[in-house]
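Structure file upload08.txt with compact mmCIF, C-alpha atoms:
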```txt
# COMPACT_ATOMS: atom_id res chain seq x y z
CA MET A 24 -27.95 -28.93 52.68
CA ASP A 25 -26.22 -27.25 55.60
CA THR A 26 -27.53 -23.76 56.31
CA LEU A 27 -25.99 -20.92 58.25
CA VAL A 28 -29.09 -20.33 60.38
CA THR A 29 -29.58 -22.65 63.32
CA THR A 30 -32.86 -22.32 65.14
CA THR A 31 -33.67 -23.83 68.45
CA HIS A 32 -36.45 -23.33 70.87
CA ALA A 33 -34.66 -21.70 73.73
CA PRO A 34 -36.43 -22.07 77.02
CA ALA A 35 -37.37 -19.09 79.12
CA PRO A 36 -34.65 -17.77 81.45
CA THR A 37 -31.91 -20.26 82.20
CA ALA A 38 -28.36 -20.22 83.41
CA ALA A 39 -27.44 -19.29 79.83
CA SER A 40 -29.67 -16.20 80.05
CA ALA A 41 -27.96 -15.11 83.26
CA ALA A 42 -24.52 -15.71 81.75
CA LEU A 43 -25.50 -13.82 78.61
CA ARG A 44 -26.76 -10.92 80.72
CA ARG A 45 -23.45 -10.69 82.60
CA LEU A 46 -21.53 -10.91 79.33
CA TYR A 47 -23.60 -8.09 77.85
CA PHE A 48 -22.85 -5.84 80.85
CA VAL A 49 -19.13 -6.54 80.44
CA ARG A 50 -19.36 -5.82 76.71
CA PHE A 51 -21.07 -2.49 77.41
CA ALA A 52 -18.40 -1.42 79.91
CA PHE A 53 -15.58 -2.45 77.57
CA ALA A 54 -17.15 -0.65 74.59
CA ALA A 55 -17.63 2.56 76.59
CA VAL A 56 -14.03 2.65 77.82
CA TRP A 57 -12.62 1.57 74.46
CA ALA A 58 -14.63 4.21 72.59
CA ALA A 59 -13.46 6.97 74.94
CA LEU A 60 -9.83 5.93 74.53
CA LEU A 61 -10.08 5.68 70.75
CA PHE A 62 -11.89 9.01 70.49
CA ALA A 63 -9.10 10.65 72.50
CA THR A 64 -6.42 9.22 70.17
CA ALA A 65 -8.34 9.16 66.88
CA ASP A 66 -6.69 12.15 65.23
CA THR A 67 -3.73 10.08 64.14
CA LEU A 68 -3.05 6.41 63.63
CA GLY A 69 -0.30 5.99 66.20
CA PRO A 70 0.79 3.04 68.34
CA LEU A 71 -1.95 3.55 70.94
CA SER A 72 -4.81 3.85 68.45
CA ALA A 73 -3.45 0.92 66.42
CA THR A 74 -3.29 -1.19 69.59
CA LEU A 75 -6.85 -0.22 70.48
CA LEU A 76 -8.01 -1.19 67.00
CA VAL A 77 -6.51 -4.67 67.32
CA ILE A 78 -7.76 -5.17 70.89
CA TYR A 79 -11.42 -4.63 69.96
CA PRO A 80 -11.87 -7.69 67.72
CA LEU A 81 -9.71 -9.74 70.10
CA PHE A 82 -12.13 -8.87 72.89
CA ASP A 83 -14.98 -9.86 70.58
CA VAL A 84 -13.33 -13.28 70.09
CA ALA A 85 -13.03 -13.75 73.86
CA CYS A 86 -16.67 -12.78 74.37
CA ALA A 87 -17.82 -15.15 71.63
CA VAL A 88 -15.87 -17.99 73.25
CA VAL A 89 -17.59 -17.32 76.58
CA ASP A 90 -20.92 -17.11 74.74
CA VAL A 91 -20.31 -20.43 72.95
CA ARG A 92 -19.54 -22.18 76.22
CA SER A 93 -22.69 -21.00 77.97
CA ALA A 94 -24.92 -21.52 74.93
CA ALA A 95 -23.56 -25.02 74.30
CA ALA A 96 -24.06 -25.98 77.95
CA ASP A 97 -27.69 -24.93 77.64
CA GLY A 98 -28.30 -26.54 74.24
CA GLY A 99 -28.53 -23.21 72.44
CA PRO A 100 -27.37 -22.26 68.94
CA VAL A 101 -23.60 -22.02 68.58
CA ARG A 102 -22.79 -22.40 64.86
CA ASN A 103 -23.05 -18.68 64.15
CA LEU A 104 -21.00 -17.88 67.24
CA TYR A 105 -18.16 -19.97 65.77
CA LEU A 106 -18.50 -17.95 62.58
CA ASN A 107 -18.22 -14.78 64.66
CA ILE A 108 -15.02 -16.09 66.28
CA ALA A 109 -13.52 -16.73 62.83
CA LEU A 110 -14.56 -13.31 61.49
CA SER A 111 -13.20 -11.45 64.50
CA SER A 112 -9.94 -13.43 64.44
CA LEU A 113 -9.42 -12.59 60.76
CA THR A 114 -10.30 -8.96 61.48
CA THR A 115 -7.64 -8.80 64.19
CA VAL A 116 -5.00 -9.80 61.66
CA GLY A 117 -6.50 -7.54 59.00
CA LEU A 118 -6.51 -4.51 61.30
CA ALA A 119 -2.91 -5.14 62.38
CA LEU A 120 -1.89 -5.09 58.72
CA ALA A 121 -4.19 -2.20 57.78
CA ALA A 122 -2.85 -0.04 60.61
CA THR A 123 0.49 0.06 58.80
CA SER A 124 -1.21 1.50 55.70
CA GLY A 125 -3.28 4.29 57.22
CA ILE A 126 -6.77 5.24 58.32
CA PRO A 127 -8.51 4.49 54.98
CA ALA A 128 -7.23 0.89 55.06
CA VAL A 129 -8.39 0.53 58.67
CA LEU A 130 -11.85 1.83 57.75
CA ARG A 131 -12.12 -0.67 54.90
CA VAL A 132 -11.21 -3.62 57.11
CA TRP A 133 -13.42 -2.42 59.96
CA GLY A 134 -16.24 -1.80 57.50
CA ALA A 135 -16.03 -5.33 56.10
CA TRP A 136 -16.06 -6.68 59.65
CA ALA A 137 -19.01 -4.52 60.66
CA VAL A 138 -21.04 -5.78 57.70
CA THR A 139 -20.29 -9.46 58.20
CA ALA A 140 -20.37 -9.47 62.01
CA GLY A 141 -23.58 -7.43 61.90
CA LEU A 142 -25.23 -10.06 59.75
CA VAL A 143 -24.10 -12.79 62.14
CA GLN A 144 -25.35 -10.80 65.14
CA LEU A 145 -28.70 -10.35 63.42
CA VAL A 146 -29.03 -14.10 62.80
CA VAL A 147 -27.97 -14.99 66.36
CA GLY A 148 -30.43 -12.44 67.80
CA VAL A 149 -33.28 -13.90 65.75
CA ALA A 150 -32.35 -17.44 66.86
CA ARG A 151 -32.35 -16.29 70.52
CA ARG A 152 -35.47 -14.14 70.41
CA ARG A 153 -37.36 -16.48 72.75
CA MET A 154 -34.84 -15.76 75.50
CA GLY A 155 -36.05 -12.18 75.56
CA GLY A 156 -33.96 -9.05 75.32
CA GLN A 157 -32.80 -9.79 71.79
CA TRP A 158 -34.59 -7.07 69.82
CA ALA A 159 -31.68 -4.72 70.61
CA MET A 160 -29.20 -7.30 69.29
CA ILE A 161 -31.28 -7.70 66.13
CA ALA A 162 -31.38 -3.92 65.63
CA SER A 163 -27.67 -3.64 66.42
CA GLY A 164 -26.84 -6.28 63.81
CA GLY A 165 -28.80 -4.39 61.16
CA ILE A 166 -27.25 -1.05 62.10
CA SER A 167 -23.77 -2.61 62.12
CA THR A 168 -24.29 -3.81 58.57
CA LEU A 169 -25.25 -0.32 57.42
CA ALA A 170 -22.44 1.32 59.40
CA GLY A 171 -19.91 -1.02 57.83
CA ALA A 172 -20.92 0.15 54.39
CA SER A 173 -20.54 3.77 55.52
CA PHE A 174 -17.03 3.09 56.88
CA ALA A 175 -16.00 1.66 53.52
CA ALA A 176 -17.42 4.74 51.79
CA GLN A 177 -15.73 7.07 54.28
CA ALA A 178 -12.38 5.39 53.55
CA GLY A 179 -12.45 6.85 50.05
CA GLY A 180 -13.16 10.39 51.21
CA ALA A 181 -10.97 13.20 52.43
CA ASP A 182 -12.58 13.09 55.89
CA ALA A 183 -11.46 9.56 56.82
CA SER A 184 -11.34 9.43 60.61
CA LEU A 185 -11.20 6.87 63.39
CA LYS A 186 -13.70 8.90 65.44
CA SER A 187 -16.58 7.25 63.64
CA LEU A 188 -15.34 3.86 64.91
CA ALA A 189 -15.46 5.16 68.49
CA GLY A 190 -19.08 6.24 68.00
CA TYR A 191 -19.93 2.91 66.41
CA ALA A 192 -18.41 0.94 69.31
CA PHE A 193 -20.17 3.07 71.92
CA LEU A 194 -23.54 2.66 70.22
CA GLY A 195 -22.94 -1.09 70.02
CA GLY A 196 -22.19 -1.06 73.74
CA VAL A 197 -25.47 0.72 74.43
CA PHE A 198 -27.30 -2.03 72.54
CA PHE A 199 -25.56 -4.62 74.75
CA LEU A 200 -26.65 -2.66 77.84
CA VAL A 201 -30.26 -2.54 76.64
CA SER A 202 -30.22 -6.27 75.95
CA ALA A 203 -28.76 -7.00 79.38
CA LEU A 204 -31.49 -4.95 81.03
CA ARG A 205 -34.19 -6.62 78.93
CA LEU A 206 -32.84 -10.08 79.76
CA GLY A 207 -33.14 -9.13 83.44
CA ARG A 208 -36.77 -8.14 82.95
CA ALA A 209 -37.47 -11.37 81.07
CA ALA A 210 -35.98 -13.37 83.95
CA LYS A 211 -38.12 -11.55 86.52
CA SER A 212 -41.33 -12.01 84.59
CA ALA A 213 -40.78 -15.73 83.95
```
Write-out of the structure in structure tokens:
Amino acid sequence: MDTLVTTTHAPAPTAASAALRRLYFVRFAFAAVWAALLFATADTLGPLSATLLVIYPLFDVACAVVDVRSAAADGGPVRNLYLNIALSSLTTVGLALAATSGIPAVLRVWGAWAVTAGLVQLVVGVARRRMGGQWAMIASGGISTLAGASFAAQAGGADASLKSLAGYAFLGGVFFLVSALRLGRAAKSA
């Protein structure tokens, strides 16, 4: 039986750890800038906010591809990263379509993505826990799952807003920053 969880015994700091740390810093910077731009344009679903919405999962795909390459080169788990690439690719298409229907549709698609991608992030974080710095990724995956459910609920209310997505992305970026810093500490202590 093929399972979704792939566990490996990742060695202490390696080239993959250094690559992951750099990737996490880039993800933090992107999330911070993206969140600020979305927050500034979140009152309406116009061309700029719709473009931002589509760019976010595309960036996630690019990051997952980089992550797969470094993890595969180091013999780390990659199956769930491929799942993340598929989910984010589908979300890109879903958000492009949802943006033509309004904010509630966007929140539903984003919410479904947050739930599924959060679960994948949780599994990947657990599989990488021996690398160090992964507790923030594990927590982020769990929080993403809960946030996704709240986005879906918010879509049905009168207060549907894109601002909550900006806050979600920024918080996710902070978790990437914490993980990057923790990976640096793990490398120094090894």
For this session: Write out as a ChimeraX atom specification the residues lying within 9 Å of region 102-117 of chain A, counting only C-alpha atoms and excluding same-chain residues fewer than 2 positions away.
Result: /A:27-29,76-88,90-91,100,119-122,129,132-133,135-136,139-140,143-144,146-147
For this session: Could you give me, as a list in words, the residues that sit within 12 Å of (-8.2, 15.5, 66.3) in the file's coordinates, counting all atoms listed in the file?
Result: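 It turns out the residues near that spot are Leu61, Phe62, Ala63, Thr64, Ala65, Asp66, Thr67, Leu68, Asp182, Ala183, Ser184, Leu185 and Lys186 of chain A.
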Problem set entry | Residues within 10 Å of Phe198 (chain A), all atoms listed in the file, excluding chain neighbours under 4 positions, as number ranges by chain | A: 47, 50-51, 157-164, 192-194, 202-204
For this session: Grab the CA of Ala59 (chain A) to CA of Ser167 (chain A) distance for me, in Å with one decimal place.
Result: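 Spanning CA of Ala59 (chain A) to CA of Ser167 (chain A) is a straight-line distance of 19.0 Å.
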For this session: For Phe53 (chain A), list every protein, DNA or RNA residue within 9 Å, evaluated using only C-alpha atoms, and leave out those in the same chain fewer than 4 positions away; present the list as a PyMOL selection string.
Result: chain A and resi 48-49+57-58+79+82+196
Write the residues of the preceding selection, restricted to C-alpha atoms, as a compact mmCIF listing (two decimals), in the frame of the given file.
```txt
# COMPACT_ATOMS: atom_id res chain seq x y z
CA PHE A 48 -22.85 -5.84 80.85
CA VAL A 49 -19.13 -6.54 80.44
CA TRP A 57 -12.62 1.57 74.46
CA ALA A 58 -14.63 4.21 72.59
CA TYR A 79 -11.42 -4.63 69.96
CA PHE A 82 -12.13 -8.87 72.89
CA GLY A 196 -22.19 -1.06 73.74
```
For this session: Considering only C-alpha atoms, state which residue in the set A:Arg92, A:Arg208, A:Arg131, A:Arg44 is at the smallest distance from Leu188 (chain A).
Result: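 Using only C-alpha atoms, Leu188 (chain A) sits closest to A:Arg131.
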Exercise. Distance CA of Leu200 (chain A)-CA of Ser40 (chain A), one decimal place?
Worked result: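 The value is 14.0 Å.
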For this session: Measuring atom to atom with all atoms listed in the file, identify which of A:Ala41, A:Leu142, A:Arg151, A:Ile166 is nearest to Ser93 (chain A).
Result: A:Ala41
For this session: For CA of Ala170 (chain A) and CA of Arg205 (chain A), quote the distance in Å rounded to one decimal.
Result: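 Going from CA of Ala170 (chain A) over to CA of Arg205 (chain A) covers 24.1 Å.
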For this session: Rank nothing, just name the residue among A:Leu46, A:Ala150, A:Leu118, A:Leu206 nearest to Thr74 (chain A), using all atoms listed in the file.
Result: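 For Thr74 (chain A), the nearest of the given residues is A:Leu118.
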For this session: Go through A:Ala73, A:Ala95, A:Gly125, A:Gly148 and flag the residue nearest Phe199 (chain A), using all atoms listed in the file for the distances.
Result: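 The answer is A:Gly148, which sits nearest to Phe199 (chain A).
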